[in-house]
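**Student:** Sending over my_file.txt (compact mmCIF, C-alpha atoms).
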# COMPACT_ATOMS: atom_id res chain seq x y z
CA MET A 168 0.00 0.00 0.00
CA ARG A 169 1.35 3.42 -0.97
CA LEU A 170 2.14 5.64 1.99
CA ILE A 171 0.40 9.03 2.10
CA PRO A 172 2.96 11.81 1.74
CA GLY A 173 3.04 15.01 3.76
CA HIS A 174 2.95 16.20 7.37
CA ALA A 175 1.23 18.93 9.36
CA THR A 176 1.98 22.41 7.96
CA PRO A 177 1.11 25.93 9.10
CA GLU A 178 -0.83 26.68 5.92
CA ALA A 179 -2.99 23.55 5.97
CA THR A 180 -3.71 23.51 9.70
CA ARG A 181 -4.63 27.21 9.69
CA ALA A 182 -6.93 26.67 6.72
CA TYR A 183 -8.45 23.71 8.59
CA ALA A 184 -9.06 25.90 11.66
CA ARG A 185 -10.70 28.58 9.52
CA ARG A 186 -12.87 26.01 7.76
CA HIS A 187 -14.25 24.84 11.10
CA GLY A 188 -14.35 28.33 12.61
CA GLU A 189 -18.04 28.89 11.94
CA ARG A 190 -18.99 25.94 14.16
CA LEU A 191 -16.13 25.80 16.64
CA PRO A 192 -14.78 28.64 18.83
CA ALA A 193 -11.44 30.19 17.91
CA GLU A 194 -9.99 29.07 21.25
CA HIS A 195 -10.42 25.45 20.17
CA PHE A 196 -7.18 25.76 18.19
CA SER A 197 -3.81 26.80 19.57
CA GLU A 198 -0.32 27.14 18.16
CA PHE A 199 2.21 24.34 18.34
CA ASN A 200 5.44 25.76 19.79
CA LYS A 201 5.47 28.98 17.74
CA THR A 202 5.55 27.05 14.47
CA ARG A 203 2.23 28.58 13.29
CA ILE A 204 0.83 25.04 13.12
CA ARG A 205 -2.65 24.99 14.67
CA LEU A 206 -3.70 22.02 16.80
CA SER A 207 -7.12 21.27 18.24
CA SER A 208 -7.60 21.53 22.00
CA LEU A 209 -9.06 18.02 21.98
CA GLY A 210 -7.51 14.93 20.43
CA VAL A 211 -8.53 11.37 19.63
CA GLY A 212 -6.95 8.68 21.79
CA THR A 213 -7.03 5.11 20.50
CA PHE A 214 -6.11 2.90 23.47
CA SER A 215 -9.66 1.84 24.31
CA GLY A 216 -11.37 -1.34 23.21
CA GLY A 217 -10.68 -4.99 22.52
CA ALA A 218 -8.34 -6.55 19.98
CA ASP A 219 -11.11 -7.45 17.54
CA PRO A 220 -12.35 -6.43 14.07
CA GLU A 221 -15.39 -4.63 15.50
CA THR A 222 -13.20 -2.27 17.51
CA ASP A 223 -10.91 -1.81 14.51
CA GLN A 224 -13.85 -0.67 12.40
CA ALA A 225 -15.23 1.56 15.15
CA VAL A 226 -11.88 3.29 15.73
CA GLY A 227 -11.38 3.81 11.99
CA ARG A 228 -14.78 5.48 11.70
CA ILE A 229 -14.20 7.61 14.80
CA VAL A 230 -10.82 8.85 13.54
CA ALA A 231 -12.27 9.76 10.14
CA ASP A 232 -15.34 11.46 11.63
CA ALA A 233 -13.22 13.42 14.11
CA LEU A 234 -10.85 14.64 11.40
CA ARG A 235 -13.84 15.79 9.35
CA ALA A 236 -15.36 17.58 12.36
CA GLY A 237 -12.50 19.80 13.56
CA ILE A 238 -10.35 17.45 15.68
CA ASN A 239 -6.97 17.30 13.94
CA VAL A 240 -4.86 15.57 16.63
CA VAL A 241 -4.83 11.75 16.66
CA ASP A 242 -2.74 9.80 19.17
CA THR A 243 -1.87 6.12 19.14
CA ALA A 244 1.01 3.78 20.02
CA ALA A 245 2.75 0.75 18.58
CA HIS A 246 1.49 -1.48 21.40
CA TYR A 247 -2.13 -0.27 21.62
CA ARG A 248 -4.51 -3.21 21.21
CA TYR A 249 -1.54 -5.44 20.31
CA GLY A 250 -0.65 -3.18 17.37
CA ARG A 251 -4.14 -3.15 15.86
CA ALA A 252 -4.76 0.50 16.77
CA LEU A 253 -2.15 1.64 14.24
CA ALA A 254 -3.97 0.06 11.29
CA ALA A 255 -7.34 1.33 12.54
CA VAL A 256 -5.95 4.88 12.64
CA GLY A 257 -4.59 4.36 9.13
CA THR A 258 -8.05 3.37 7.90
CA GLY A 259 -9.51 6.53 9.40
CA VAL A 260 -6.79 8.75 7.98
CA ARG A 261 -7.25 7.36 4.45
CA SER A 262 -11.02 7.79 4.68
CA ALA A 263 -10.64 11.42 5.79
CA VAL A 264 -8.15 12.15 3.01
CA LEU A 265 -10.56 10.70 0.43
CA ASP A 266 -13.22 13.02 1.85
CA GLY A 267 -11.02 16.07 1.30
CA VAL A 268 -9.20 16.50 4.62
CA PRO A 269 -5.56 17.19 3.65
CA ARG A 270 -2.90 15.02 5.29
CA GLU A 271 -1.12 18.34 5.98
CA ALA A 272 -4.02 19.43 8.22
CA MET A 273 -3.56 16.44 10.56
CA PHE A 274 -1.17 15.98 13.47
CA LEU A 275 -0.52 12.26 13.87
CA VAL A 276 1.28 10.95 16.96
CA SER A 277 2.54 7.46 17.80
CA LYS A 278 4.57 6.08 20.67
CA GLY A 279 7.04 3.29 21.32
CA GLY A 280 8.77 1.52 24.17
CA PHE A 281 6.20 -0.97 25.40
CA ILE A 282 6.57 -4.26 23.58
CA THR A 283 4.13 -4.87 20.76
CA TRP A 284 2.67 -8.32 21.38
CA HIS A 285 1.42 -9.21 17.92
CA GLU A 286 -1.70 -11.41 17.99
CA GLY A 287 -2.03 -10.94 21.76
CA ARG A 288 0.13 -11.55 24.80
CA PRO A 289 1.90 -14.93 24.44
CA GLU A 290 1.75 -17.74 26.99
CA ASP A 291 5.51 -17.44 27.51
CA PRO A 292 6.44 -13.74 27.12
CA GLU A 293 10.13 -14.30 27.85
CA ASP A 294 10.45 -16.94 25.14
CA TRP A 295 8.55 -14.70 22.71
CA ILE A 296 10.93 -11.81 23.45
CA ARG A 297 13.96 -14.01 22.82
CA GLU A 298 12.53 -15.32 19.53
CA ARG A 299 10.93 -12.14 18.13
CA ILE A 300 13.17 -9.39 19.50
CA VAL A 301 16.56 -10.68 20.67
CA ARG A 302 17.17 -13.20 17.86
CA GLU A 303 16.02 -10.61 15.31
CA GLY A 304 18.78 -8.31 16.55
CA LEU A 305 16.42 -5.58 17.74
CA ALA A 306 17.59 -5.61 21.38
CA ASP A 307 19.48 -7.55 24.02
CA ILE A 308 17.65 -9.22 26.85
CA ASP A 309 19.21 -6.66 29.22
CA ASP A 310 17.34 -3.90 27.34
CA ILE A 311 13.98 -5.24 28.59
CA ALA A 312 12.44 -3.89 31.81
CA GLN A 313 9.72 -5.72 33.76
CA GLY A 314 9.26 -8.02 30.77
CA VAL A 315 7.22 -5.38 28.93
CA HIS A 316 9.40 -2.39 27.96
CA CYS A 317 12.41 -1.95 25.69
CA LEU A 318 14.67 1.09 25.25
CA ALA A 319 17.00 -0.29 22.57
CA PRO A 320 17.35 2.15 19.64
CA ASP A 321 16.80 -0.62 17.07
CA TYR A 322 13.56 -1.67 18.72
CA ILE A 323 12.29 1.92 19.00
CA GLU A 324 13.08 2.41 15.30
CA TYR A 325 11.23 -0.80 14.52
CA GLN A 326 8.16 0.60 16.31
CA LEU A 327 8.53 3.92 14.48
CA GLU A 328 8.56 2.10 11.14
CA LEU A 329 5.68 -0.14 12.21
CA SER A 330 3.72 3.02 13.04
CA ARG A 331 4.44 4.66 9.68
CA ARG A 332 3.59 1.53 7.71
CA LEU A 333 0.37 0.60 9.49
CA MET A 334 -0.84 4.20 9.77
CA GLY A 335 -0.10 4.52 6.06
CA VAL A 336 1.92 7.74 6.15
CA GLU A 337 5.38 8.65 4.91
CA THR A 338 6.03 11.02 7.79
CA LEU A 339 4.82 10.96 11.39
CA ASP A 340 4.29 14.35 12.98
CA ALA A 341 5.52 13.09 16.34
CA PHE A 342 6.84 9.93 17.95
CA LEU A 343 7.11 9.70 21.74
CA VAL A 344 9.16 7.37 23.94
CA ASP A 345 6.55 5.94 26.26
CA GLN A 346 7.25 5.77 30.02
CA PRO A 347 11.01 5.16 30.08
CA GLU A 348 10.89 5.69 33.85
CA ILE A 349 9.95 2.00 34.03
CA HIS A 350 13.70 1.32 33.71
CA PHE A 351 14.72 3.48 36.71
CA PRO A 352 14.32 0.77 39.41
CA ARG A 353 16.32 -1.76 37.41
CA ILE A 354 19.29 0.18 36.03
CA GLY A 355 19.02 3.61 37.65
CA LYS A 356 18.27 7.03 36.24
CA GLU A 357 21.73 7.77 34.79
CA ALA A 358 21.88 4.56 32.78
CA THR A 359 18.30 5.06 31.59
CA TYR A 360 19.19 8.56 30.40
CA GLN A 361 22.18 7.15 28.50
CA ARG A 362 19.84 4.79 26.68
CA LEU A 363 17.39 7.61 26.04
CA GLU A 364 20.15 9.71 24.49
CA ALA A 365 20.92 6.87 22.07
CA VAL A 366 17.21 6.59 21.25
CA TYR A 367 16.98 10.35 20.68
CA GLU A 368 19.94 10.11 18.28
CA ARG A 369 17.99 7.54 16.28
CA LEU A 370 14.92 9.79 16.25
CA GLU A 371 16.98 12.82 15.20
CA ARG A 372 18.22 10.74 12.27
CA ALA A 373 14.63 9.85 11.38
CA VAL A 374 13.85 13.58 11.31
CA GLN A 375 16.80 14.18 8.97
CA GLU A 376 15.52 11.44 6.67
CA GLY A 377 11.98 12.84 6.50
CA ARG A 378 10.30 9.96 8.33
CA LEU A 379 9.51 12.05 11.40
CA ARG A 380 9.03 15.72 12.28
CA TRP A 381 9.30 15.88 16.09
CA TYR A 382 9.74 13.59 19.05
CA GLY A 383 9.27 13.69 22.79
CA LEU A 384 8.29 11.80 25.91
CA ALA A 385 5.09 10.21 27.19
CA THR A 386 5.02 9.62 30.94
CA PHE A 387 2.76 8.40 33.68
CA ASP A 388 4.57 9.28 36.91
CA ALA A 389 7.79 11.00 35.89
CA LEU A 390 6.53 14.56 35.37
CA ARG A 391 3.91 14.52 38.15
CA VAL A 392 5.89 13.41 41.20
CA ALA A 393 7.99 15.53 43.55
CA THR A 394 11.63 16.17 42.71
CA ASP A 395 12.90 13.81 45.42
CA ASP A 396 10.80 10.93 44.14
CA PRO A 397 12.94 8.24 42.41
CA ARG A 398 10.54 8.32 39.43
CA PHE A 399 11.00 12.06 38.78
CA THR A 400 12.24 13.38 35.43
CA SER A 401 13.00 17.01 34.69
CA LEU A 402 12.14 18.63 31.39
CA THR A 403 15.53 20.30 31.21
CA SER A 404 17.27 16.92 31.50
CA GLN A 405 15.42 15.73 28.41
CA LEU A 406 16.27 18.86 26.47
CA GLY A 407 19.90 18.33 27.41
CA LEU A 408 19.81 14.78 26.08
CA ALA A 409 18.11 15.99 22.89
CA GLU A 410 20.76 18.66 22.36
CA LYS A 411 23.52 16.05 22.66
CA ALA A 412 21.66 13.77 20.25
CA ALA A 413 21.21 16.52 17.67
CA LYS A 414 24.89 17.41 17.89
CA ALA A 415 25.92 13.76 17.42
CA VAL A 416 23.74 13.43 14.32
CA ALA A 417 24.00 16.82 12.64
CA GLY A 418 27.05 18.48 14.15
CA GLU A 419 27.80 21.46 16.35
CA GLY A 420 25.00 24.00 16.58
CA ALA A 421 22.30 21.65 15.28
CA ARG A 422 18.83 22.25 16.66
CA HIS A 423 17.11 19.35 18.37
CA HIS A 424 13.55 18.24 17.59
CA PHE A 425 12.35 17.35 21.09
CA ALA A 426 9.08 19.27 21.09
CA LEU A 427 6.30 17.67 23.13
CA VAL A 428 5.40 15.59 26.16
CA GLN A 429 2.35 13.70 27.34
CA MET A 430 1.36 13.35 30.97
CA PRO A 431 -1.81 12.34 32.82
CA PHE A 432 -4.05 15.24 33.72
CA ASN A 433 -7.63 15.05 34.94
CA LEU A 434 -9.92 16.02 37.80
CA ALA A 435 -8.15 13.55 40.10
CA MET A 436 -4.59 14.09 38.80
CA THR A 437 -3.80 17.81 38.71
CA GLU A 438 -0.12 17.66 39.65
CA GLY A 439 1.00 19.03 36.28
CA PHE A 440 -0.64 22.32 37.26
CA THR A 441 -0.36 22.34 41.06
CA ARG A 442 3.02 20.76 41.87
CA PHE A 443 6.03 23.04 41.41
CA ASN A 444 8.72 20.48 40.61
CA GLN A 445 10.52 21.75 37.49
CA ALA A 446 13.56 24.05 37.35
CA THR A 447 13.44 25.88 34.03
CA GLY A 448 17.04 27.07 33.87
CA GLN A 449 15.68 30.62 33.92
CA GLY A 450 16.02 31.13 37.65
CA ASN A 451 12.63 29.83 38.76
CA VAL A 452 10.87 26.66 39.82
CA ALA A 453 7.57 25.98 38.12
CA SER A 454 4.89 23.40 37.56
CA THR A 455 5.39 21.08 34.61
CA LEU A 456 2.83 23.01 32.55
CA GLN A 457 4.45 26.37 33.34
CA ALA A 458 7.96 25.07 32.69
CA ALA A 459 6.93 23.45 29.42
CA TYR A 460 5.51 26.76 28.22
CA GLN A 461 8.74 28.56 29.05
CA LEU A 462 10.83 25.84 27.41
CA ARG A 463 8.63 25.66 24.26
CA ILE A 464 7.48 22.13 24.88
CA TYR A 465 3.91 21.34 23.88
CA VAL A 466 1.92 19.39 26.48
CA MET A 467 -0.76 16.85 25.66
CA GLY A 468 -2.86 15.63 28.57
CA SER A 469 -3.57 11.91 28.75
CA HIS A 470 -6.03 9.96 30.93
CA THR A 471 -8.52 12.81 30.61
CA LEU A 472 -11.34 10.57 31.85
CA GLY A 473 -9.22 8.45 34.18
CA LYS A 474 -9.77 5.28 32.12
CA GLY A 475 -13.49 6.02 32.08
CA ARG A 476 -14.00 6.40 35.82
CA LEU A 477 -14.50 10.18 35.68
CA ALA A 478 -17.14 9.79 32.98
CA GLN A 479 -19.38 8.21 35.61
CA GLY A 480 -19.29 11.23 37.90
CA PRO A 481 -19.98 12.77 40.23
CA THR A 482 -18.89 16.16 38.90
CA PRO A 483 -17.45 18.54 41.51
CA PRO A 484 -20.21 21.09 42.27
CA ALA A 485 -17.95 24.03 41.42
CA LEU A 486 -17.31 22.64 37.92
CA GLU A 487 -20.98 21.80 37.43
CA ASP A 488 -21.88 25.40 38.28
CA LEU A 489 -19.48 26.67 35.58
CA THR A 490 -20.66 24.27 32.87
CA PRO A 491 -24.49 24.22 32.92
CA GLU A 492 -24.57 23.88 29.12
CA LEU A 493 -22.74 20.53 29.19
CA ALA A 494 -24.81 17.40 29.45
CA SER A 495 -22.79 14.83 31.39
CA PRO A 496 -19.95 14.21 33.83
CA ALA A 497 -17.82 13.03 30.88
CA GLN A 498 -18.26 16.33 29.03
CA ARG A 499 -17.50 18.35 32.16
CA ALA A 500 -14.37 16.30 32.90
CA ILE A 501 -13.15 16.88 29.33
CA GLN A 502 -13.89 20.61 29.55
CA PHE A 503 -11.89 20.84 32.78
CA VAL A 504 -8.77 19.37 31.19
CA ARG A 505 -8.90 21.27 27.87
CA SER A 506 -9.37 24.55 29.81
CA THR A 507 -6.17 24.12 31.84
CA PRO A 508 -3.69 26.97 31.18
CA GLY A 509 -0.57 25.66 29.48
CA LEU A 510 -2.10 22.37 28.36
CA GLY A 511 -2.26 22.29 24.56
CA THR A 512 -4.40 19.23 23.73
CA ALA A 513 -6.51 16.99 25.94
CA LEU A 514 -6.50 13.42 24.61
CA VAL A 515 -9.63 11.35 25.13
CA GLY A 516 -9.76 7.62 24.45
CA LEU A 517 -12.61 6.96 22.02
CA GLY A 518 -13.88 3.45 21.40
CA ARG A 519 -17.52 4.14 20.56
CA ARG A 520 -19.41 6.76 18.58
CA ARG A 521 -21.10 8.21 21.69
CA HIS A 522 -17.63 8.99 23.07
CA LEU A 523 -16.91 11.10 19.99
CA ASP A 524 -20.27 12.84 20.45
CA ASP A 525 -19.15 13.91 23.94
CA LEU A 526 -15.86 15.19 22.52
CA LEU A 527 -17.56 17.22 19.79
CA ALA A 528 -20.08 18.68 22.25
CA VAL A 529 -17.20 20.06 24.31
CA ALA A 530 -15.30 21.25 21.22
CA ALA A 531 -18.30 23.36 20.24
CA ARG A 532 -18.02 25.36 23.48
CA PRO A 533 -15.21 27.78 24.34
CA PRO A 534 -12.86 26.63 27.10
CA LEU A 535 -13.36 28.07 30.56
CA SER A 536 -11.65 31.41 31.03
CA THR A 537 -8.46 31.33 33.09
CA GLN A 538 -10.19 33.31 35.83
CA ALA A 539 -13.10 30.87 35.98
CA TYR A 540 -10.74 27.88 35.87
CA LEU A 541 -8.70 29.15 38.81
CA THR A 542 -11.83 29.53 40.95
CA LEU A 543 -12.17 25.74 40.82
CA TYR A 544 -8.98 25.40 42.87
CA GLN A 545 -9.95 28.22 45.22
CA ARG A 546 -13.34 26.63 45.92
CA ALA A 547 -11.79 23.20 46.31
So that I can check it, write out the structure of this file as structure tokens.

**Tutor:**
Amino acid sequence: MRLIPGHATPEATRAYARRHGERLPAEHFSEFNKTRIRLSSLGVGTFSGGADPETDQAVGRIVADALRAGINVVDTAAHYRYGRALAAVGTGVRSAVLDGVPREAMFLVSKGGFITWHEGRPEDPEDWIRERIVREGLADIDDIAQGVHCLAPDYIEYQLELSRRLMGVETLDAFLVDQPEIHFPRIGKEATYQRLEAVYERLERAVQEGRLRWYGLATFDALRVATDDPRFTSLTSQLGLAEKAAKAVAGEGARHHFALVQMPFNLAMTEGFTRFNQATGQGNVASTLQAAYQLRIYVMGSHTLGKGRLAQGPTPPALEDLTPELASPAQRAIQFVRSTPGLGTALVGLGRRRHLDDLLAVAARPPLSTQAYLTLYQRA
């Protein structure tokens, strides 16, 4: 199958935002790191659902419908639904392109690190890893953490190429290393960072070759915890690794392409906004969201609905008072996250059409004002 050429561009994403401007508020789109590329404040997540053809078809339709409706950020990963999510996203992307949505108007993100168990988790994972990863020369057994995660550059590149091929695109807009903090307890932070630097070198090379535009980090704990927590990772440490990687690949003075991070953010997990744990190198300590803004790192919020739990309610009374026009706890939880100052795109896992309906209902409303948003913390 021929891969679709192109990647997100300022011209196409701005035209996309204008085209949807009559139905969606202007605040629904924001700029990606001063590149003039416009990204939607809400994005399609593709983790949800079973590893079956019905879910594949549903996700493909959801991705296509979202891209047609003003949601131009789609997030997936090489291991989601045992690799099936990638192909489902590809189906949706091709359908949207055939309906006139330019590839250049989309921002497509994949992730790697967690092992892709093709055809489901095997009965003997260790034997499968030795046969399918170690003997194929993609990694050494020492590169595997907790039997589920691999930081070898060859394996990360394999997952990057798997993402491009199954999503059906020549160039990914972003590829994130997913939760490398899993390796901290086994080999320590310094050794993990050394492996990350080698991975970033491989991703910088992919950028040079036109297979990738930007890269970054997806985390669960690392950006939320306090600085003295063994799981903590600083943003400046990652920029330092990226600068070394860019220099190794392209020479002195080369600019790195580390540009975005993902972290959980929702009504029950607000540390990205409330915990001041990041030194910016500019003489201040800030929250992750504040520091990312200063460092020109785009933040995507994951776990917006807390794996579905927050969609069941109850909604905090203060938030319910501010969102009388929204119809459900799910919509209010989504509105809370996408209104957070400094958070660029709130990702919501969508496995069924009604989930997309909730997303589009929120997209049609402006985010809460900063003043209104801050009152939620004061009242809490």

**Student:** Find the distance between atom CA of A:Leu477 and atom CA of A:Ile501 and write it in Å to one decimal.

**Tutor:**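 Separation between atom CA of A:Leu477 and atom CA of A:Ile501: 9.3 Å.
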
**Student:** Leaving out stretch 291-293 of chain A and any residue of its chain fewer than 3 positions from it, which residues lie within 12 Å of it when counting only C-alpha atoms, given as a list of chain:residue names?

**Tutor:**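 Counting only the stated atoms, we get A:Ile282, A:Thr283, A:Trp284, A:His285, A:Gly287, A:Arg288, A:Ile296, A:Arg297, A:Glu298, A:Arg299, A:Ile300, A:Val301, A:Ile308, A:Asp309, A:Ile311, A:Ala312, A:Gln313, A:Gly314, A:Val315, A:His316.
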
**Student:** Write out, as a PDB file, keeping the file's coordinate frame, the residues just selected, with C-alpha atoms.

**Tutor:**
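What follows is the written file selection14.pdb:
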ATOM      1  CA  ILE A 282       6.570  -4.260  23.580  1.00  0.00           C
ATOM      2  CA  THR A 283       4.130  -4.870  20.760  1.00  0.00           C
ATOM      3  CA  TRP A 284       2.670  -8.320  21.380  1.00  0.00           C
ATOM      4  CA  HIS A 285       1.420  -9.210  17.920  1.00  0.00           C
ATOM      5  CA  GLY A 287      -2.030 -10.940  21.760  1.00  0.00           C
ATOM      6  CA  ARG A 288       0.130 -11.550  24.800  1.00  0.00           C
ATOM      7  CA  ILE A 296      10.930 -11.810  23.450  1.00  0.00           C
ATOM      8  CA  ARG A 297      13.960 -14.010  22.820  1.00  0.00           C
ATOM      9  CA  GLU A 298      12.530 -15.320  19.530  1.00  0.00           C
ATOM     10  CA  ARG A 299      10.930 -12.140  18.130  1.00  0.00           C
ATOM     11  CA  ILE A 300      13.170  -9.390  19.500  1.00  0.00           C
ATOM     12  CA  VAL A 301      16.560 -10.680  20.670  1.00  0.00           C
ATOM     13  CA  ILE A 308      17.650  -9.220  26.850  1.00  0.00           C
ATOM     14  CA  ASP A 309      19.210  -6.660  29.220  1.00  0.00           C
ATOM     15  CA  ILE A 311      13.980  -5.240  28.590  1.00  0.00           C
ATOM     16  CA  ALA A 312      12.440  -3.890  31.810  1.00  0.00           C
ATOM     17  CA  GLN A 313       9.720  -5.720  33.760  1.00  0.00           C
ATOM     18  CA  GLY A 314       9.260  -8.020  30.770  1.00  0.00           C
ATOM     19  CA  VAL A 315       7.220  -5.380  28.930  1.00  0.00           C
ATOM     20  CA  HIS A 316       9.400  -2.390  27.960  1.00  0.00           C
TER      21      HIS A 316
END

**Student:** When distances are computed from all atoms listed in the file, which of A:Gly257, A:Pro534, A:Gly518, A:Gly304 shows the smallest separation from A:Asp219?

**Tutor:** A:Gly518

**Student:** Counting only C-alpha atoms, which residues of stretch 238-309 of chain A fall within 12 Å of stretch 425-430 of chain A, and what is the closest atom pair for each with its distance in Å at one decimal, ordered by chain and rising number, as CSV?

**Tutor:**
residue,atom,partner,partner_atom,distance
A:Asp242,CA,A:Gln429,CA,10.4
A:Thr243,CA,A:Gln429,CA,11.9
A:Val276,CA,A:Leu427,CA,10.4
A:Ser277,CA,A:Gln429,CA,11.4
A:Lys278,CA,A:Gln429,CA,10.4

**Student:** Would you output that residue set with C-alpha atoms, as an mmCIF file, in the frame of the given file?

**Tutor:**
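Result file result.cif:
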data_model
loop_
_atom_site.group_PDB
_atom_site.id
_atom_site.type_symbol
_atom_site.label_atom_id
_atom_site.label_comp_id
_atom_site.auth_asym_id
_atom_site.auth_seq_id
_atom_site.Cartn_x
_atom_site.Cartn_y
_atom_site.Cartn_z
ATOM 1 C CA ASP A 242 -2.740 9.800 19.170
ATOM 2 C CA THR A 243 -1.870 6.120 19.140
ATOM 3 C CA VAL A 276 1.280 10.950 16.960
ATOM 4 C CA SER A 277 2.540 7.460 17.800
ATOM 5 C CA LYS A 278 4.570 6.080 20.670
#

**Student:** Report as a PyMOL selection string all protein, DNA and RNA residues lying within 7 Å of A:Tyr367, evaluated on all atoms listed in the file, omitting residues in the same chain fewer than 4 positions from it.

**Tutor:** chain A and resi 363+371+409+412

**Student:** Do a neighbour search on A:Leu191 at 12 Å with only C-alpha atoms, toss out local chain neighbours closer than 6 positions, and write the hits as JSON, numbers by chain.

**Tutor:** {"A": [183, 184, 185, 207, 208, 209, 236, 237, 238, 527, 528, 529, 530, 531, 532, 533, 534]}

**Student:** Give me the residues near A:Val366 as a PyMOL selection string, where near means some atom within 9 Å (using only C-alpha atoms) and where sequence neighbours in that chain fewer than 3 positions away do not count.

**Tutor:** chain A and resi 318-321+323-324+344+361-363+369-371+412

**Student:** What is the distance between atom CA of A:Arg186 and atom CA of A:Val211, in Å to one decimal?

**Tutor:**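 Going from atom CA of A:Arg186 over to atom CA of A:Val211, I get 19.3 Å.
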
**Student:** Select, from A:Gln461, A:Arg380, A:Ala193, A:Ser330, the residue with the minimum atom-to-atom distance to A:Ala252, counting all atoms listed in the file.

**Tutor:**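 Looking only at the distances to A:Ala252, the closest residue turns out to be A:Ser330.
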
**Student:** Which residue out of A:Glu221, A:Glu271, A:Glu178, A:Glu368 has the minimum interatomic distance to A:Glu337 when all atoms listed in the file are used?

**Tutor:**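 Nearest to A:Glu337: A:Glu271.
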
**Student:** Pick the closest to A:Ala218 from A:Glu194, A:Asp345, A:Asp232, A:Glu286: which is it, counting all atoms listed in the file?

**Tutor:**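 The closest residue to A:Ala218 is A:Glu286.
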
**Student:** Would you pick out the contacts of A:Ala231 at 10 Å or less, using all atoms listed in the file, so that residues sharing its chain but fewer than 4 positions from it are not included, and give the list as a PyMOL selection string?

**Tutor:** chain A and resi 226-227+235-236+238-239+256-266+268

**Student:** Considering all atoms listed in the file, state which residue in the set A:Gly250, A:Gly188, A:Pro496, A:Gly448 is at the smallest distance from A:Met334.

**Tutor:**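 Answer, going by the shortest atom-to-atom distance: A:Gly250.
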
**Student:** Record the distance separating atom CA of A:Val336 and atom CA of A:Pro172, expressed in Å with one decimal.

**Tutor:**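 Straight-line distance from atom CA of A:Val336 to atom CA of A:Pro172 works out to 6.1 Å.
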
**Student:** Considering all atoms listed in the file, state which residue in the set A:Met436, A:Gly216, A:Gln375, A:Leu514 is at the smallest distance from A:Tyr247.

**Tutor:** A:Gly216
